[in-house]
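Visitor: Input file: protein11.cif. Contents: mmCIF, C-alpha atoms and all ligand atoms.
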```
data_coords
#
loop_
_atom_site.group_PDB
_atom_site.id
_atom_site.type_symbol
_atom_site.label_atom_id
_atom_site.label_comp_id
_atom_site.auth_asym_id
_atom_site.auth_seq_id
_atom_site.Cartn_x
_atom_site.Cartn_y
_atom_site.Cartn_z
ATOM 1 C CA LEU O 856 -75.517 -27.891 -9.086
ATOM 2 C CA SER O 857 -76.417 -26.194 -12.365
ATOM 3 C CA PRO O 858 -74.037 -26.756 -15.312
ATOM 4 C CA ALA O 859 -72.890 -23.120 -15.021
ATOM 5 C CA ALA O 860 -72.049 -23.506 -11.327
ATOM 6 C CA ARG O 861 -70.275 -26.813 -11.980
ATOM 7 C CA PHE O 862 -68.238 -25.181 -14.741
ATOM 8 C CA GLN O 863 -67.244 -22.235 -12.524
ATOM 9 C CA LEU O 864 -66.334 -24.620 -9.713
ATOM 10 C CA LYS O 865 -64.074 -26.667 -11.969
ATOM 11 C CA ILE O 866 -62.332 -23.557 -13.336
ATOM 12 C CA GLY O 867 -62.007 -22.206 -9.799
ATOM 13 C CA LEU O 868 -60.470 -25.492 -8.707
ATOM 14 C CA TYR O 869 -58.059 -25.329 -11.637
ATOM 15 C CA CYS O 870 -56.924 -21.845 -10.611
ATOM 16 C CA ALA O 871 -56.620 -22.926 -6.972
ATOM 17 C CA LEU O 872 -54.634 -25.956 -8.055
ATOM 18 C CA CYS O 873 -52.278 -23.800 -10.110
ATOM 19 C CA LEU O 874 -51.843 -21.368 -7.231
ATOM 20 C CA ALA O 875 -51.254 -24.122 -4.645
ATOM 21 C CA ALA O 876 -48.926 -26.161 -6.854
ATOM 22 C CA SER O 877 -46.957 -23.022 -7.696
ATOM 23 C CA ALA O 878 -46.653 -22.072 -4.026
ATOM 24 C CA LEU O 879 -45.356 -25.576 -3.339
ATOM 25 C CA ALA O 880 -43.032 -25.726 -6.323
ATOM 26 C CA ALA O 881 -41.423 -22.302 -5.858
ATOM 27 C CA PRO O 882 -39.441 -23.188 -2.712
ATOM 28 C CA LEU O 883 -38.496 -26.517 -4.295
ATOM 29 C CA CYS O 884 -37.133 -24.705 -7.355
ATOM 30 C CA LEU O 885 -35.262 -22.217 -5.203
ATOM 31 C CA LEU O 886 -33.751 -24.959 -3.049
ATOM 32 C CA ARG O 887 -32.833 -27.144 -5.998
ATOM 33 C CA HIS O 888 -31.547 -24.581 -8.498
ATOM 34 C CA GLY O 889 -31.236 -21.335 -6.563
ATOM 35 C CA GLY O 890 -33.208 -19.049 -8.903
ATOM 36 C CA ARG O 891 -34.559 -18.502 -12.420
ATOM 37 C CA THR O 892 -33.478 -21.310 -14.730
ATOM 38 C CA VAL O 893 -35.074 -23.500 -17.389
ATOM 39 C CA ARG O 894 -34.025 -26.497 -15.285
ATOM 40 C CA ASN O 895 -36.913 -25.629 -12.941
ATOM 41 C CA MET O 896 -39.289 -26.521 -15.792
ATOM 42 C CA ARG O 897 -38.775 -30.210 -14.935
ATOM 43 C CA ILE O 898 -40.201 -29.684 -11.456
ATOM 44 C CA ILE O 899 -43.109 -27.632 -12.852
ATOM 45 C CA LYS O 900 -43.737 -30.184 -15.596
ATOM 46 C CA ASN O 901 -43.908 -33.120 -13.182
ATOM 47 C CA MET O 902 -46.429 -31.320 -11.015
ATOM 48 C CA VAL O 903 -48.631 -30.122 -13.870
ATOM 49 C CA LYS O 904 -48.660 -33.612 -15.397
ATOM 50 C CA THR O 905 -50.724 -34.813 -12.422
ATOM 51 C CA PHE O 906 -53.560 -32.327 -13.145
ATOM 52 C CA LYS O 907 -54.982 -34.486 -15.935
ATOM 53 C CA TYR O 908 -56.009 -37.179 -13.466
ATOM 54 C CA ILE O 909 -58.104 -34.703 -11.479
ATOM 55 C CA TYR O 910 -59.997 -33.620 -14.596
ATOM 56 C CA GLY O 911 -60.170 -36.959 -16.399
ATOM 57 C CA LEU O 912 -58.157 -35.623 -19.319
ATOM 58 C CA ARG O 913 -56.186 -37.939 -21.602
ATOM 59 C CA PHE O 914 -53.438 -36.794 -23.898
ATOM 60 C CA GLU O 915 -52.523 -38.873 -26.904
ATOM 61 C CA THR O 916 -49.620 -38.020 -29.143
ATOM 62 C CA LYS O 917 -48.936 -38.510 -32.820
ATOM 63 C CA GLY O 918 -45.744 -37.843 -34.745
ATOM 64 C CA LEU O 919 -43.783 -37.149 -31.607
ATOM 65 C CA GLU O 920 -40.663 -38.410 -33.357
ATOM 66 C CA ASN O 921 -40.744 -35.162 -35.347
ATOM 67 C CA PHE O 922 -40.408 -33.387 -32.040
ATOM 68 C CA GLN O 923 -37.039 -34.869 -31.177
ATOM 69 C CA VAL O 924 -34.969 -31.972 -32.446
ATOM 70 C CA GLU O 925 -31.456 -31.717 -31.076
ATOM 71 C CA GLY O 926 -30.606 -28.188 -30.041
ATOM 72 C CA PRO O 927 -32.598 -24.999 -30.238
ATOM 73 C CA CYS O 928 -35.844 -24.665 -32.193
ATOM 74 C CA VAL O 929 -39.054 -22.672 -32.101
ATOM 75 C CA ILE O 930 -42.175 -24.687 -31.298
ATOM 76 C CA VAL O 931 -45.451 -23.128 -32.409
ATOM 77 C CA SER O 932 -48.911 -24.360 -31.489
ATOM 78 C CA ASN O 933 -52.561 -23.372 -31.423
ATOM 79 C CA HIS O 934 -53.924 -21.882 -28.200
ATOM 80 C CA GLN O 935 -57.469 -22.727 -27.128
ATOM 81 C CA SER O 936 -57.617 -22.215 -23.388
ATOM 82 C CA ILE O 937 -55.773 -22.102 -20.086
ATOM 83 C CA LEU O 938 -55.955 -25.911 -20.143
ATOM 84 C CA ASP O 939 -53.388 -25.922 -22.990
ATOM 85 C CA MET O 940 -50.715 -25.609 -20.355
ATOM 86 C CA ILE O 941 -51.432 -29.212 -19.240
ATOM 87 C CA GLY O 942 -50.906 -30.536 -22.773
ATOM 88 C CA LEU O 943 -47.800 -28.430 -23.149
ATOM 89 C CA MET O 944 -46.289 -30.008 -20.058
ATOM 90 C CA GLU O 945 -47.134 -33.503 -21.371
ATOM 91 C CA ILE O 946 -44.684 -33.166 -24.247
ATOM 92 C CA LEU O 947 -42.427 -30.303 -23.190
ATOM 93 C CA PRO O 948 -38.844 -31.176 -24.143
ATOM 94 C CA ASP O 949 -35.964 -30.417 -21.808
ATOM 95 C CA ASN O 950 -34.486 -26.938 -22.043
ATOM 96 C CA CYS O 951 -37.653 -25.378 -23.373
ATOM 97 C CA VAL O 952 -39.231 -22.127 -22.201
ATOM 98 C CA GLN O 953 -42.454 -20.452 -23.258
ATOM 99 C CA ILE O 954 -43.274 -16.933 -24.342
ATOM 100 C CA GLY O 955 -46.060 -15.479 -22.192
ATOM 101 C CA LYS O 956 -47.856 -12.172 -21.861
ATOM 102 C CA LYS O 957 -46.368 -10.057 -19.071
ATOM 103 C CA GLU O 958 -49.690 -9.900 -17.186
ATOM 104 C CA LEU O 959 -49.126 -13.550 -16.176
ATOM 105 C CA LEU O 960 -46.184 -12.436 -14.056
ATOM 106 C CA TYR O 961 -48.600 -10.707 -11.665
ATOM 107 C CA MET O 962 -50.635 -13.810 -10.806
ATOM 108 C CA GLY O 963 -48.993 -14.293 -7.414
ATOM 109 C CA PRO O 964 -47.347 -17.708 -6.977
ATOM 110 C CA VAL O 965 -48.238 -18.636 -10.576
ATOM 111 C CA GLY O 966 -46.286 -15.637 -11.865
ATOM 112 C CA LEU O 967 -43.419 -16.481 -9.554
ATOM 113 C CA ILE O 968 -43.190 -20.084 -10.744
ATOM 114 C CA MET O 969 -43.309 -18.981 -14.382
ATOM 115 C CA TYR O 970 -40.501 -16.544 -13.660
ATOM 116 C CA LEU O 971 -38.470 -19.241 -11.917
ATOM 117 C CA GLY O 972 -39.060 -21.627 -14.839
ATOM 118 C CA GLY O 973 -37.621 -19.111 -17.284
ATOM 119 C CA VAL O 974 -40.835 -18.038 -19.059
ATOM 120 C CA ILE O 975 -40.092 -15.027 -21.266
ATOM 121 C CA PHE O 976 -42.563 -12.259 -20.629
ATOM 122 C CA ILE O 977 -43.494 -9.867 -23.394
ATOM 123 C CA ASN O 978 -45.580 -6.732 -23.492
ATOM 124 C CA ARG O 979 -48.096 -7.388 -26.249
ATOM 125 C CA LYS O 980 -49.158 -3.738 -26.177
ATOM 126 C CA SER O 981 -45.706 -2.554 -27.207
ATOM 127 C CA THR O 982 -44.427 -4.154 -30.400
ATOM 128 C CA SER O 983 -41.049 -2.429 -30.111
ATOM 129 C CA ASN O 984 -40.597 -3.628 -26.551
ATOM 130 C CA ALA O 985 -41.638 -7.205 -27.456
ATOM 131 C CA LYS O 986 -39.313 -7.160 -30.468
ATOM 132 C CA THR O 987 -36.380 -6.111 -28.281
ATOM 133 C CA VAL O 988 -37.102 -8.938 -25.846
ATOM 134 C CA MET O 989 -37.459 -11.469 -28.672
ATOM 135 C CA SER O 990 -34.154 -10.387 -30.250
ATOM 136 C CA GLY O 991 -32.394 -11.103 -26.975
ATOM 137 C CA VAL O 992 -34.093 -14.496 -26.902
ATOM 138 C CA ALA O 993 -32.623 -15.463 -30.289
ATOM 139 C CA GLN O 994 -29.113 -15.030 -28.947
ATOM 140 C CA THR O 995 -29.864 -16.827 -25.664
ATOM 141 C CA MET O 996 -31.359 -19.781 -27.567
ATOM 142 C CA LEU O 997 -28.083 -20.280 -29.359
ATOM 143 C CA ASP O 998 -25.791 -19.511 -26.422
ATOM 144 C CA GLU O 999 -27.679 -21.727 -23.972
ATOM 145 C CA ASN O 1000 -29.157 -24.348 -26.293
ATOM 146 C CA VAL O 1001 -32.728 -23.444 -25.433
ATOM 147 C CA LYS O 1002 -35.958 -24.257 -27.270
ATOM 148 C CA VAL O 1003 -38.792 -21.717 -27.225
ATOM 149 C CA TRP O 1004 -42.519 -22.509 -27.297
ATOM 150 C CA VAL O 1005 -44.684 -19.757 -28.785
ATOM 151 C CA TYR O 1006 -48.433 -19.515 -29.254
ATOM 152 C CA PRO O 1007 -48.312 -17.471 -32.475
ATOM 153 C CA GLU O 1008 -52.009 -16.594 -32.371
ATOM 154 C CA GLY O 1009 -50.961 -14.373 -29.451
ATOM 155 C CA THR O 1010 -54.138 -15.035 -27.480
ATOM 156 C CA ARG O 1011 -56.579 -17.842 -26.704
ATOM 157 C CA ASN O 1012 -59.002 -18.852 -29.419
ATOM 158 C CA GLY O 1013 -61.555 -21.599 -28.763
ATOM 159 C CA ASN O 1014 -63.505 -21.188 -32.010
ATOM 160 C CA GLY O 1015 -62.039 -24.291 -33.609
ATOM 161 C CA ASP O 1016 -60.045 -22.319 -36.165
ATOM 162 C CA LEU O 1017 -56.766 -20.410 -36.117
ATOM 163 C CA LEU O 1018 -56.353 -16.666 -35.696
ATOM 164 C CA PRO O 1019 -53.873 -15.001 -38.053
ATOM 165 C CA PHE O 1020 -50.413 -15.656 -36.732
ATOM 166 C CA LYS O 1021 -48.325 -12.930 -35.130
ATOM 167 C CA LYS O 1022 -44.910 -12.746 -36.685
ATOM 168 C CA GLY O 1023 -42.584 -12.835 -33.684
ATOM 169 C CA ALA O 1024 -42.076 -16.621 -33.646
ATOM 170 C CA PHE O 1025 -41.000 -16.583 -37.279
ATOM 171 C CA HIS O 1026 -38.642 -13.637 -36.867
ATOM 172 C CA LEU O 1027 -37.176 -15.508 -33.916
ATOM 173 C CA ALA O 1028 -36.548 -18.641 -35.987
ATOM 174 C CA ILE O 1029 -34.990 -16.622 -38.795
ATOM 175 C CA GLN O 1030 -32.807 -14.599 -36.446
ATOM 176 C CA ALA O 1031 -31.566 -17.715 -34.655
ATOM 177 C CA GLN O 1032 -31.626 -19.800 -37.881
ATOM 178 C CA VAL O 1033 -33.370 -22.679 -36.145
ATOM 179 C CA PRO O 1034 -36.196 -24.980 -37.304
ATOM 180 C CA ILE O 1035 -39.843 -24.359 -36.492
ATOM 181 C CA ILE O 1036 -41.770 -27.323 -35.136
ATOM 182 C CA PRO O 1037 -45.565 -27.027 -35.324
ATOM 183 C CA VAL O 1038 -47.644 -28.748 -32.657
ATOM 184 C CA VAL O 1039 -51.404 -29.093 -33.054
ATOM 185 C CA TYR O 1040 -53.825 -29.591 -30.175
ATOM 186 C CA SER O 1041 -57.038 -31.230 -31.339
ATOM 187 C CA SER O 1042 -60.221 -29.307 -30.611
ATOM 188 C CA PHE O 1043 -61.357 -29.240 -26.965
ATOM 189 C CA SER O 1044 -64.944 -28.441 -27.950
ATOM 190 C CA SER O 1045 -66.349 -31.908 -27.178
ATOM 191 C CA PHE O 1046 -65.345 -31.662 -23.524
ATOM 192 C CA TYR O 1047 -64.539 -27.999 -22.829
ATOM 193 C CA ASN O 1048 -66.637 -25.093 -24.001
ATOM 194 C CA PRO O 1049 -66.959 -21.979 -21.798
ATOM 195 C CA ALA O 1050 -69.894 -20.644 -23.853
ATOM 196 C CA LYS O 1051 -71.861 -23.833 -23.153
ATOM 197 C CA LYS O 1052 -70.485 -24.152 -19.610
ATOM 198 C CA LEU O 1053 -69.157 -27.552 -20.581
ATOM 199 C CA PHE O 1054 -66.163 -29.045 -18.804
ATOM 200 C CA ILE O 1055 -66.124 -32.825 -18.644
ATOM 201 C CA SER O 1056 -63.467 -35.464 -19.129
ATOM 202 C CA GLY O 1057 -62.047 -35.907 -22.603
ATOM 203 C CA THR O 1058 -59.131 -36.774 -24.831
ATOM 204 C CA VAL O 1059 -56.747 -34.430 -26.595
ATOM 205 C CA LEU O 1060 -54.549 -35.437 -29.508
ATOM 206 C CA LEU O 1061 -51.239 -33.629 -29.663
ATOM 207 C CA SER O 1062 -49.648 -34.041 -33.048
ATOM 208 C CA THR O 1063 -46.430 -32.751 -34.501
ATOM 209 C CA PRO O 1064 -46.908 -32.831 -38.267
ATOM 210 C CA LEU O 1065 -43.556 -31.332 -39.124
ATOM 211 C CA VAL O 1066 -43.910 -29.665 -42.485
ATOM 212 C CA TYR O 1067 -40.598 -29.338 -44.221
ATOM 213 C CA GLY O 1068 -41.881 -26.610 -46.551
ATOM 214 C CA TRP O 1069 -42.995 -24.511 -43.619
ATOM 215 C CA THR O 1070 -39.483 -24.176 -42.288
ATOM 216 C CA LEU O 1071 -38.154 -23.616 -45.787
ATOM 217 C CA CYS O 1072 -40.571 -20.836 -46.590
ATOM 218 C CA VAL O 1073 -39.922 -18.848 -43.445
ATOM 219 C CA SER O 1074 -36.220 -19.222 -43.011
ATOM 220 C CA GLY O 1075 -34.958 -19.490 -46.576
ATOM 221 C CA LEU O 1076 -32.674 -21.955 -48.215
ATOM 222 C CA PRO O 1077 -30.542 -22.950 -45.210
ATOM 223 C CA ALA O 1078 -33.523 -24.987 -43.947
ATOM 224 C CA GLU O 1079 -32.502 -27.987 -46.013
ATOM 225 C CA GLU O 1080 -29.187 -28.120 -44.229
ATOM 226 C CA LYS O 1081 -30.779 -27.598 -40.849
ATOM 227 C CA LEU O 1082 -33.301 -30.431 -41.042
ATOM 228 C CA GLY O 1083 -32.156 -34.034 -41.275
ATOM 229 C CA SER O 1084 -33.942 -36.212 -43.831
ATOM 230 C CA ARG O 1085 -35.675 -38.087 -40.995
ATOM 231 C CA GLN O 1086 -37.499 -34.903 -40.076
ATOM 232 C CA ARG O 1087 -38.820 -34.114 -43.536
ATOM 233 C CA CYS O 1088 -42.301 -35.162 -44.494
HETATM 234 C C1 LIG O 1101 -46.060 -26.038 -10.469
HETATM 235 C C2 LIG O 1101 -47.438 -25.771 -10.926
HETATM 236 C C3 LIG O 1101 -47.532 -24.679 -11.879
HETATM 237 C C4 LIG O 1101 -48.912 -24.329 -12.259
HETATM 238 C C5 LIG O 1101 -48.991 -23.662 -13.552
HETATM 239 C C6 LIG O 1101 -48.174 -22.469 -13.664
HETATM 240 C C7 LIG O 1101 -47.261 -22.225 -14.550
HETATM 241 C C8 LIG O 1101 -46.791 -23.121 -15.612
HETATM 242 C C9 LIG O 1101 -45.480 -22.669 -16.108
HETATM 243 C C10 LIG O 1101 -45.195 -22.447 -17.331
HETATM 244 C C11 LIG O 1101 -46.157 -22.525 -18.460
HETATM 245 C C12 LIG O 1101 -46.264 -21.201 -19.101
HETATM 246 C C13 LIG O 1101 -47.236 -21.217 -20.225
HETATM 247 C C14 LIG O 1101 -47.367 -19.816 -20.690
HETATM 248 C C15 LIG O 1101 -48.269 -19.710 -21.858
HETATM 249 C C16 LIG O 1101 -48.532 -18.283 -22.121
HETATM 250 C C17 LIG O 1101 -49.246 -18.085 -23.393
HETATM 251 C C18 LIG O 1101 -49.461 -16.614 -23.669
HETATM 252 O O1 LIG O 1101 -49.289 -15.772 -22.871
HETATM 253 S S1 LIG O 1101 -50.016 -16.255 -25.258
HETATM 254 C C19 LIG O 1101 -49.796 -14.515 -25.298
HETATM 255 C C20 LIG O 1101 -48.388 -14.083 -25.479
HETATM 256 N N1 LIG O 1101 -47.779 -14.632 -26.641
HETATM 257 C C21 LIG O 1101 -47.690 -13.973 -27.809
HETATM 258 O O2 LIG O 1101 -48.080 -12.822 -27.966
HETATM 259 C C22 LIG O 1101 -47.051 -14.677 -28.972
HETATM 260 C C23 LIG O 1101 -45.844 -13.983 -29.362
HETATM 261 N N2 LIG O 1101 -46.184 -12.708 -30.018
HETATM 262 C C24 LIG O 1101 -45.451 -12.222 -31.018
HETATM 263 O O3 LIG O 1101 -44.512 -12.891 -31.363
HETATM 264 C C25 LIG O 1101 -45.837 -10.933 -31.686
HETATM 265 O O4 LIG O 1101 -45.402 -10.987 -33.017
HETATM 266 C C26 LIG O 1101 -45.238 -9.647 -31.031
HETATM 267 C C27 LIG O 1101 -43.731 -9.697 -31.012
HETATM 268 C C28 LIG O 1101 -45.768 -9.523 -29.602
HETATM 269 C C29 LIG O 1101 -45.699 -8.408 -31.841
HETATM 270 O O5 LIG O 1101 -47.054 -8.500 -32.014
HETATM 271 P P1 LIG O 1101 -47.928 -7.446 -32.846
HETATM 272 O O6 LIG O 1101 -49.291 -7.501 -32.303
HETATM 273 O O7 LIG O 1101 -47.304 -6.127 -32.853
HETATM 274 O O8 LIG O 1101 -48.069 -7.998 -34.336
HETATM 275 P P2 LIG O 1101 -47.102 -8.582 -35.467
HETATM 276 O O9 LIG O 1101 -46.645 -9.931 -35.112
HETATM 277 O O10 LIG O 1101 -47.884 -8.500 -36.715
HETATM 278 O O11 LIG O 1101 -45.845 -7.611 -35.574
HETATM 279 C C30 LIG O 1101 -45.922 -6.240 -35.968
HETATM 280 C C31 LIG O 1101 -44.730 -5.884 -36.818
HETATM 281 O O12 LIG O 1101 -43.524 -6.136 -36.100
HETATM 282 C C32 LIG O 1101 -42.704 -7.059 -36.823
HETATM 283 N N3 LIG O 1101 -42.022 -7.932 -35.861
HETATM 284 C C33 LIG O 1101 -42.592 -8.712 -34.930
HETATM 285 N N4 LIG O 1101 -41.680 -9.358 -34.226
HETATM 286 C C34 LIG O 1101 -40.491 -8.988 -34.724
HETATM 287 C C35 LIG O 1101 -39.148 -9.336 -34.414
HETATM 288 N N5 LIG O 1101 -38.863 -10.212 -33.428
HETATM 289 N N6 LIG O 1101 -38.183 -8.776 -35.118
HETATM 290 C C36 LIG O 1101 -38.446 -7.898 -36.129
HETATM 291 N N7 LIG O 1101 -39.705 -7.518 -36.466
HETATM 292 C C37 LIG O 1101 -40.697 -8.054 -35.785
HETATM 293 C C38 LIG O 1101 -43.647 -7.826 -37.716
HETATM 294 O O13 LIG O 1101 -42.974 -8.336 -38.849
HETATM 295 C C39 LIG O 1101 -44.655 -6.741 -38.081
HETATM 296 O O14 LIG O 1101 -44.146 -5.911 -39.084
HETATM 297 P P3 LIG O 1101 -44.552 -6.136 -40.637
HETATM 298 O O15 LIG O 1101 -46.037 -6.213 -40.672
HETATM 299 O O16 LIG O 1101 -43.977 -4.952 -41.303
HETATM 300 O O17 LIG O 1101 -43.924 -7.413 -41.055
HETATM 301 C C1 LIG O 1102 -52.052 -12.476 -5.573
HETATM 302 C C2 LIG O 1102 -52.550 -12.452 -6.994
HETATM 303 C C3 LIG O 1102 -53.508 -13.556 -7.215
HETATM 304 C C4 LIG O 1102 -53.831 -13.666 -8.668
HETATM 305 C C5 LIG O 1102 -54.829 -14.757 -8.853
HETATM 306 C C6 LIG O 1102 -54.707 -15.357 -10.194
HETATM 307 C C7 LIG O 1102 -55.506 -16.596 -10.241
HETATM 308 C C8 LIG O 1102 -55.243 -17.360 -11.504
HETATM 309 C C9 LIG O 1102 -54.525 -18.595 -11.167
HETATM 310 C C10 LIG O 1102 -54.244 -19.522 -12.019
HETATM 311 C C11 LIG O 1102 -54.593 -19.474 -13.442
HETATM 312 C C12 LIG O 1102 -53.845 -20.557 -14.137
HETATM 313 C C13 LIG O 1102 -53.281 -20.026 -15.370
HETATM 314 C C14 LIG O 1102 -52.407 -21.050 -16.000
HETATM 315 C C15 LIG O 1102 -51.515 -20.412 -16.973
HETATM 316 C C16 LIG O 1102 -52.041 -20.470 -18.373
HETATM 317 C C17 LIG O 1102 -51.439 -19.426 -19.259
HETATM 318 C C18 LIG O 1102 -52.417 -19.019 -20.283
HETATM 319 O O1 LIG O 1102 -52.961 -19.785 -20.995
HETATM 320 O O2 LIG O 1102 -52.613 -17.674 -20.337
HETATM 321 C C19 LIG O 1102 -53.462 -17.119 -21.297
HETATM 322 C C20 LIG O 1102 -52.656 -16.367 -22.298
HETATM 323 O O3 LIG O 1102 -51.909 -17.273 -22.972
HETATM 324 C C21 LIG O 1102 -53.448 -15.599 -23.311
HETATM 325 O O4 LIG O 1102 -54.249 -14.743 -22.641
HETATM 326 P P1 LIG O 1102 -55.511 -14.067 -23.366
HETATM 327 O O5 LIG O 1102 -56.289 -15.125 -24.065
HETATM 328 O O6 LIG O 1102 -54.994 -13.038 -24.328
HETATM 329 O O7 LIG O 1102 -56.250 -13.453 -22.238
#
```
Could you take the file, read its structure, and then write that structure out as structure tokens?
Guide:
Amino acid sequence: LSPAARFQLKIGLYCALCLAASALAAPLCLLRHGGRTVRNMRIIKNMVKTFKYIYGLRFETKGLENFQVEGPCVIVSNHQSILDMIGLMEILPDNCVQIGKKELLYMGPVGLIMYLGGVIFINRKSTSNAKTVMSGVAQTMLDENVKVWVYPEGTRNGNGDLLPFKKGAFHLAIQAQVPIIPVVYSSFSSFYNPAKKLFISGTVLLSTPLVYGWTLCVSGLPAEEKLGSRQRC
């Protein structure tokens, strides 16, 4: 097979895997928890964590102790590709949902499983609509002790740099007065590059370099009270 065909086959397999795993997980979630709840994320996480073996992907972590935040927080990370979801599930804490574009809801079983797992869908084309949804999320985070994972670039970007951040994640943290935990995925470019039709096995480093000043500068003075000294660096 040509490299292009091999690449398409691997991506096709990934989509098929997501569809099949979702179709399998949905009844399990419904039987176990009866409907849409963040508790279903555990079932989803355990299934997705097996995908790395099929693709020869390794995930290493650094600074994960900074990730052990009690209670609600906003997790922000860079977004390179649809493979990010595998890394996300590697370190996803309990009681954590993601913000996703609403188009994902229409991907058949994949949309259904995201819905059942509690993913919050936003309409990126309507700022006012997305803002209304996000405001509701701030209250739910506090009422139900939920963490929220946001890709603040708002779209995938495989160029090895960061797009300017959208502001919703930061408004969310300010509204809920919760810390922001940054997570960085190392570059996939050595093993995954759609432009070069490259998709081989590889290693990803997931690091959580919690920057005290970051939280301080977005949420104001209360940050010092919110973060324990262990979490400052
Ligand atoms: C079992 C096997 C399963 C197999 C696998 C299946 C499923 C796995 C299950 C789960 C995994 C799910 C993983 C999902 C990942 C999905 C990832 C994505 O979809 S990324 C795309 C969507 N995400 C985002 O867009 C990020 C969030 N976006 C934002 O927060 C944006 O800010 C926005 C709210 C959408 C608005 O964006 P906009 O383009 O309008 O730009 P700005 O951010 O600059 O905002 C404009 C303006 O509005 C002000 N603003 C923004 N938000 C708020 C707010 N909440 N409150 C008040 N004001 C707000 C902002 O300040 C700007 O104004 P100004 O410039 O004056 O400051
Ligand atoms: C019956 C309907 C059938 C629909 C078939 C859909 C087939 C696709 C199946 C599986 C795809 C797996 C997707 C895994 C989820 C990853 C989420 C993700 O990373 O979404 C991208 C989004 O963050 C940003 O989107 P853009 O970069 O703005 O674009």
Visitor: Which residue out of O:Asn921, O:Gln953, O:Ser936, O:Ser1041 has the minimum interatomic distance to ligand LIG 1101 (chain O) when all atoms listed in the file are used?
Guide: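 Between O:Asn921, O:Gln953, O:Ser936, O:Ser1041, the residue approaching ligand LIG 1101 (chain O) most closely is O:Gln953.
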Visitor: Step by step, work through what the PyMOL selection byres (((not hetatm)) within 6 of (chain O and resi 1101)) selects in the shown file, and finish by giving those residues as an NGL selection string.
Guide: :O and (873 or 876-877 or 880 or 899 or 902-903 or 940 or 953-956 or 965 or 968-969 or 979 or 982 or 985-986 or 989-990 or 1005-1007 or 1009-1010 or 1021-1024 or 1026-1027)
Visitor: Could you name the residues that touch O:Leu959 at 10 Å or less, counting only C-alpha atoms, but leaving out those on the same chain fewer than 4 positions away, as number ranges by chain?
Guide: O: 955, 963, 965-967, 969-970, 974, 976-977
Visitor: Which one of O:Lys980, O:Lys1002, O:His934, O:Lys900 sits closest to ligand LIG 1102 (chain O) if you count all atoms listed in the file?
Guide: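 Looking only at the distances to ligand LIG 1102 (chain O), the closest residue turns out to be O:His934.
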Visitor: Can you measure atom O5 of ligand LIG 1102 (chain O) to atom CA of O:Thr1063 for me? One decimal in Å is fine.
Guide: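 Between these atoms lies a distance of 22.7 Å.
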Visitor: Interatomic distance between atom CA of O:Ile1036 and atom CA of O:Leu912?
Guide: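 Between atom CA of O:Ile1036 and atom CA of O:Leu912 the gap is 24.2 Å.
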Visitor: Which residue out of O:Tyr869, O:Tyr1047, O:Phe1025, O:Tyr910 has the minimum interatomic distance to ligand LIG 1102 (chain O) when only C-alpha atoms and all ligand atoms are used?
Guide: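 Of all the options, O:Tyr869 lies closest to ligand LIG 1102 (chain O).
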Visitor: List as a list in words the protein and nucleic acid residues near O:Leu1061, meaning an atom at most 12 Å away when all atoms listed in the file are counted, but skip any in the same chain fewer than 6 places from it.
Guide: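 Answer for this query is Arg913, Phe914, Glu915, Thr916, Lys917, Gly918, Leu919, Phe922, Ser932, Asn933, Asp939, Ile941, Gly942, Leu943, Met944, Glu945, Ile946, Leu947, Pro1037, Val1038, Val1039, Tyr1040, Ser1041, Ser1042 and Phe1043 of chain O.
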Visitor: Write to file, as a PDB file, in the coordinates of the input, the residues of the selection just made, with C-alpha atoms.
Guide:
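Below is the file selection_6.pdb, written as the result:
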```
ATOM      1  CA  ARG O 913     -56.186 -37.939 -21.602  1.00  0.00           C
ATOM      2  CA  PHE O 914     -53.438 -36.794 -23.898  1.00  0.00           C
ATOM      3  CA  GLU O 915     -52.523 -38.873 -26.904  1.00  0.00           C
ATOM      4  CA  THR O 916     -49.620 -38.020 -29.143  1.00  0.00           C
ATOM      5  CA  LYS O 917     -48.936 -38.510 -32.820  1.00  0.00           C
ATOM      6  CA  GLY O 918     -45.744 -37.843 -34.745  1.00  0.00           C
ATOM      7  CA  LEU O 919     -43.783 -37.149 -31.607  1.00  0.00           C
ATOM      8  CA  PHE O 922     -40.408 -33.387 -32.040  1.00  0.00           C
ATOM      9  CA  SER O 932     -48.911 -24.360 -31.489  1.00  0.00           C
ATOM     10  CA  ASN O 933     -52.561 -23.372 -31.423  1.00  0.00           C
ATOM     11  CA  ASP O 939     -53.388 -25.922 -22.990  1.00  0.00           C
ATOM     12  CA  ILE O 941     -51.432 -29.212 -19.240  1.00  0.00           C
ATOM     13  CA  GLY O 942     -50.906 -30.536 -22.773  1.00  0.00           C
ATOM     14  CA  LEU O 943     -47.800 -28.430 -23.149  1.00  0.00           C
ATOM     15  CA  MET O 944     -46.289 -30.008 -20.058  1.00  0.00           C
ATOM     16  CA  GLU O 945     -47.134 -33.503 -21.371  1.00  0.00           C
ATOM     17  CA  ILE O 946     -44.684 -33.166 -24.247  1.00  0.00           C
ATOM     18  CA  LEU O 947     -42.427 -30.303 -23.190  1.00  0.00           C
ATOM     19  CA  PRO O1037     -45.565 -27.027 -35.324  1.00  0.00           C
ATOM     20  CA  VAL O1038     -47.644 -28.748 -32.657  1.00  0.00           C
ATOM     21  CA  VAL O1039     -51.404 -29.093 -33.054  1.00  0.00           C
ATOM     22  CA  TYR O1040     -53.825 -29.591 -30.175  1.00  0.00           C
ATOM     23  CA  SER O1041     -57.038 -31.230 -31.339  1.00  0.00           C
ATOM     24  CA  SER O1042     -60.221 -29.307 -30.611  1.00  0.00           C
ATOM     25  CA  PHE O1043     -61.357 -29.240 -26.965  1.00  0.00           C
TER      26      PHE O1043
END
```
